[in-house]
file upload26.txt (compact mmCIF, C-alpha atoms)
# COMPACT_ATOMS: atom_id res chain seq x y z
CA MET L 1 7.31 -6.56 -13.03
CA SER L 2 6.15 -7.14 -16.55
CA LYS L 3 2.78 -5.82 -17.61
CA ASN L 4 1.40 -9.35 -18.02
CA THR L 5 2.31 -10.43 -14.50
CA THR L 6 -0.32 -9.97 -11.86
CA LEU L 7 0.91 -9.80 -8.30
CA PRO L 8 -1.11 -11.51 -5.59
CA SER L 9 -3.23 -9.23 -3.43
CA PRO L 10 -1.34 -8.45 -0.24
CA THR L 11 -2.82 -9.33 3.14
CA ALA L 12 -3.43 -6.66 5.78
CA ALA L 13 -0.13 -7.57 7.48
CA GLU L 14 1.70 -7.36 4.15
CA LEU L 15 0.15 -3.96 3.46
CA ASP L 16 1.54 -2.74 6.80
CA LEU L 17 5.05 -3.71 5.69
CA LEU L 18 4.56 -2.29 2.19
CA ARG L 19 3.40 1.01 3.68
CA ILE L 20 6.62 1.21 5.71
CA LEU L 21 8.75 0.47 2.65
CA TRP L 22 6.85 3.00 0.51
CA GLN L 23 7.33 5.60 3.23
CA HIS L 24 11.03 4.97 3.92
CA GLY L 25 12.36 3.33 0.76
CA PRO L 26 14.50 0.17 0.78
CA LEU L 27 15.23 -1.10 4.28
CA ASP L 28 16.80 -4.10 5.95
CA ALA L 29 14.60 -6.40 8.02
CA ARG L 30 15.68 -4.85 11.35
CA SER L 31 14.71 -1.36 10.18
CA VAL L 32 11.33 -2.59 8.94
CA TYR L 33 10.79 -4.27 12.30
CA ASP L 34 11.80 -1.11 14.19
CA ALA L 35 9.32 0.99 12.19
CA LEU L 36 6.52 -1.53 12.72
CA ALA L 37 7.31 -1.97 16.43
CA ALA L 38 6.93 1.79 16.89
CA GLU L 39 3.29 1.34 15.78
CA ARG L 40 2.51 -2.11 17.15
CA ALA L 41 3.89 -3.38 20.43
CA ASP L 42 3.04 -6.99 19.49
CA ALA L 43 5.42 -7.04 16.48
CA SER L 44 8.22 -9.59 16.57
CA TYR L 45 11.45 -9.46 14.57
CA ALA L 46 11.22 -13.15 13.58
CA THR L 47 7.70 -12.65 12.21
CA VAL L 48 8.67 -9.52 10.27
CA LEU L 49 11.72 -11.26 8.76
CA ARG L 50 9.66 -14.31 7.75
CA GLN L 51 6.92 -12.08 6.30
CA LEU L 52 9.48 -10.15 4.23
CA GLN L 53 10.91 -13.42 2.91
CA LEU L 54 7.43 -14.69 1.99
CA MET L 55 6.55 -11.40 0.32
CA HIS L 56 9.76 -11.59 -1.72
CA GLY L 57 8.81 -15.11 -2.78
CA LYS L 58 5.35 -13.91 -3.86
CA GLY L 59 6.88 -11.10 -5.91
CA LEU L 60 5.57 -8.29 -3.71
CA LEU L 61 9.11 -7.24 -2.73
CA SER L 62 12.48 -7.04 -4.38
CA ARG L 63 15.58 -7.88 -2.36
CA ASP L 64 19.06 -6.43 -2.79
CA GLU L 65 21.43 -9.25 -1.91
CA SER L 66 24.54 -7.32 -2.92
CA GLN L 67 24.83 -5.81 0.54
CA ARG L 68 24.55 -7.05 4.10
CA PRO L 69 22.12 -6.90 5.64
CA GLN L 70 19.89 -7.47 2.63
CA ARG L 71 17.52 -4.62 1.82
CA TYR L 72 13.90 -5.05 0.80
CA ALA L 73 11.85 -2.72 -1.41
CA ALA L 74 8.29 -2.75 -2.71
CA ALA L 75 8.10 -4.36 -6.16
CA GLU L 76 5.42 -1.89 -7.28
CA ALA L 77 4.87 1.78 -6.61
CA GLN L 78 2.24 2.57 -3.99
CA GLU L 79 -0.13 4.27 -6.45
CA LYS L 80 0.04 1.40 -8.93
CA LEU L 81 -0.77 -1.24 -6.31
CA GLN L 82 -3.53 0.89 -4.79
CA THR L 83 -5.09 1.36 -8.23
CA SER L 84 -4.98 -2.40 -8.86
CA LEU L 85 -6.50 -3.21 -5.46
CA LEU L 86 -9.18 -0.57 -5.92
CA LYS L 87 -10.10 -1.93 -9.35
CA ASP L 88 -10.42 -5.40 -7.82
CA LEU L 89 -12.54 -4.04 -4.94
CA ILE L 90 -14.86 -2.15 -7.29
CA GLY L 91 -15.34 -5.27 -9.38
CA LYS L 92 -15.99 -7.61 -6.46
CA VAL L 93 -17.85 -5.42 -3.97
CA PHE L 94 -19.53 -2.72 -6.06
CA ALA L 95 -20.47 -4.76 -9.16
CA GLY L 96 -17.99 -2.80 -11.24
CA SER L 97 -19.48 0.58 -10.35
CA GLY L 98 -16.99 3.27 -9.42
CA LYS L 99 -19.95 5.52 -8.69
CA ALA L 100 -21.23 3.11 -6.02
CA LEU L 101 -17.79 3.08 -4.39
CA VAL L 102 -17.54 6.87 -4.37
CA LEU L 103 -21.08 7.35 -3.01
CA THR L 104 -20.43 4.85 -0.21
CA ALA L 105 -17.16 6.55 0.64
CA LEU L 106 -18.77 10.00 0.63
CA ARG L 107 -21.59 8.85 2.90
CA GLU L 108 -19.51 6.92 5.40
CA HIS L 109 -15.81 7.74 5.33
CA VAL L 110 -15.18 11.38 4.43
CA SER L 111 -14.67 14.18 6.93
CA GLU L 112 -16.21 17.60 6.36
CA ALA L 113 -12.77 19.02 5.46
CA GLU L 114 -12.22 16.24 2.92
CA ARG L 115 -15.70 16.79 1.50
CA LEU L 116 -14.93 20.49 0.94
CA GLU L 117 -11.65 19.59 -0.77
CA ILE L 118 -13.46 17.12 -3.04
CA GLU L 119 -16.08 19.72 -3.92
CA LYS L 120 -13.30 22.16 -4.82
CA ILE L 121 -11.65 19.57 -7.10
CA LEU L 122 -14.97 18.66 -8.74
CA GLY L 123 -15.75 22.33 -9.29
CA ARG L 124 -12.61 22.95 -11.34
CA LYS L 125 -13.21 22.99 -15.06
CA ASP L 126 -9.91 21.34 -15.98
CA GLY L 127 -10.23 18.54 -13.40
CA ARG L 128 -6.74 19.16 -12.03
CA GLN L 129 -6.12 19.13 -8.32
CA PRO L 130 -5.30 22.47 -6.68
call {"tool": "encode", "arguments": {"input": "upload26.txt", "output": "structure tokens"}}
result
Amino acid sequence: MSKNTTLPSPTAAELDLLRILWQHGPLDARSVYDALAAERADASYATVLRQLQLMHGKGLLSRDESQRPQRYAAAEAQEKLQTSLLKDLIGKVFAGSGKALVLTALREHVSEAERLEIEKILGRKDGRQP
């Protein structure tokens, strides 16, 4: 993807498929379906195949047509897409305030173990993670 091209925001269902591809690397449609079906009993192969084709059309996935079956891969690295989605969320939901996002997350969505890990990271002078 070029730096000027903005990918569309993936839907929740598309994020499920992206997560599988980020975790396993390039896969054919049957393998993506198998991984999803292990998590969700309501998954259907036809729906997964159609979703992969749509995601390829939107630019969310690349497709290797040099082999059969064709293999799909995420068009962007997980961290890059997460950063883009987070930036969009901060702008839309938290009026551009990263602080508001962090405070909400700390109040509502962080376990005690995660809180201790965050405190350890924040306490380091160089800001690097342990």
call {"tool": "closest_residue", "arguments": {"input": "upload26.txt", "among": "L:Ala73, L:Leu86, L:Ala35, L:Val102", "to": "L:Trp22", "atoms": "only C-alpha atoms"}}
result
L:Ala73
call {"tool": "residues_around", "arguments": {"input": "upload26.txt", "residues": "L:Thr11", "least_positions_apart": "6", "cutoff": "12 Å", "atoms": "only C-alpha atoms", "output": "JSON, numbers by chain"}}
result
{"L": [17, 18, 51, 54, 55, 58, 60, 85]}
call {"tool": "closest_residue", "arguments": {"input": "upload26.txt", "among": "L:Glu14, L:Asp64, L:Glu114, L:Glu108", "to": "L:Thr47", "atoms": "all atoms listed in the file"}}
result
L:Glu14
call {"tool": "atom_distance", "arguments": {"input": "upload26.txt", "atom1": "atom CA of L:Glu76", "atom2": "atom CA of L:Gln23"}}
result
13.0 Å
call {"tool": "atom_distance", "arguments": {"input": "upload26.txt", "atom1": "atom CA of L:Ser62", "atom2": "atom CA of L:Pro26"}}
result
9.1 Å
call {"tool": "closest_residue", "arguments": {"input": "upload26.txt", "among": "L:Thr104, L:Ser97, L:Gln70, L:Gln82", "to": "L:Arg30", "atoms": "only C-alpha atoms"}}
result
L:Gln70
call {"tool": "residues_near_point", "arguments": {"input": "upload26.txt", "point": "(3.5, 1.1, 11.5)", "cutoff": "12 Å", "atoms": "all atoms listed in the file", "output": "JSON, numbers by chain"}}
result
{"L": [12, 13, 14, 15, 16, 17, 18, 19, 20, 21, 22, 23, 24, 31, 32, 33, 34, 35, 36, 37, 38, 39, 40, 41, 42, 43, 48]}
call {"tool": "atom_distance", "arguments": {"input": "upload26.txt", "atom1": "atom CA of L:Tyr72", "atom2": "atom CA of L:Leu27"}}
result
5.4 Å
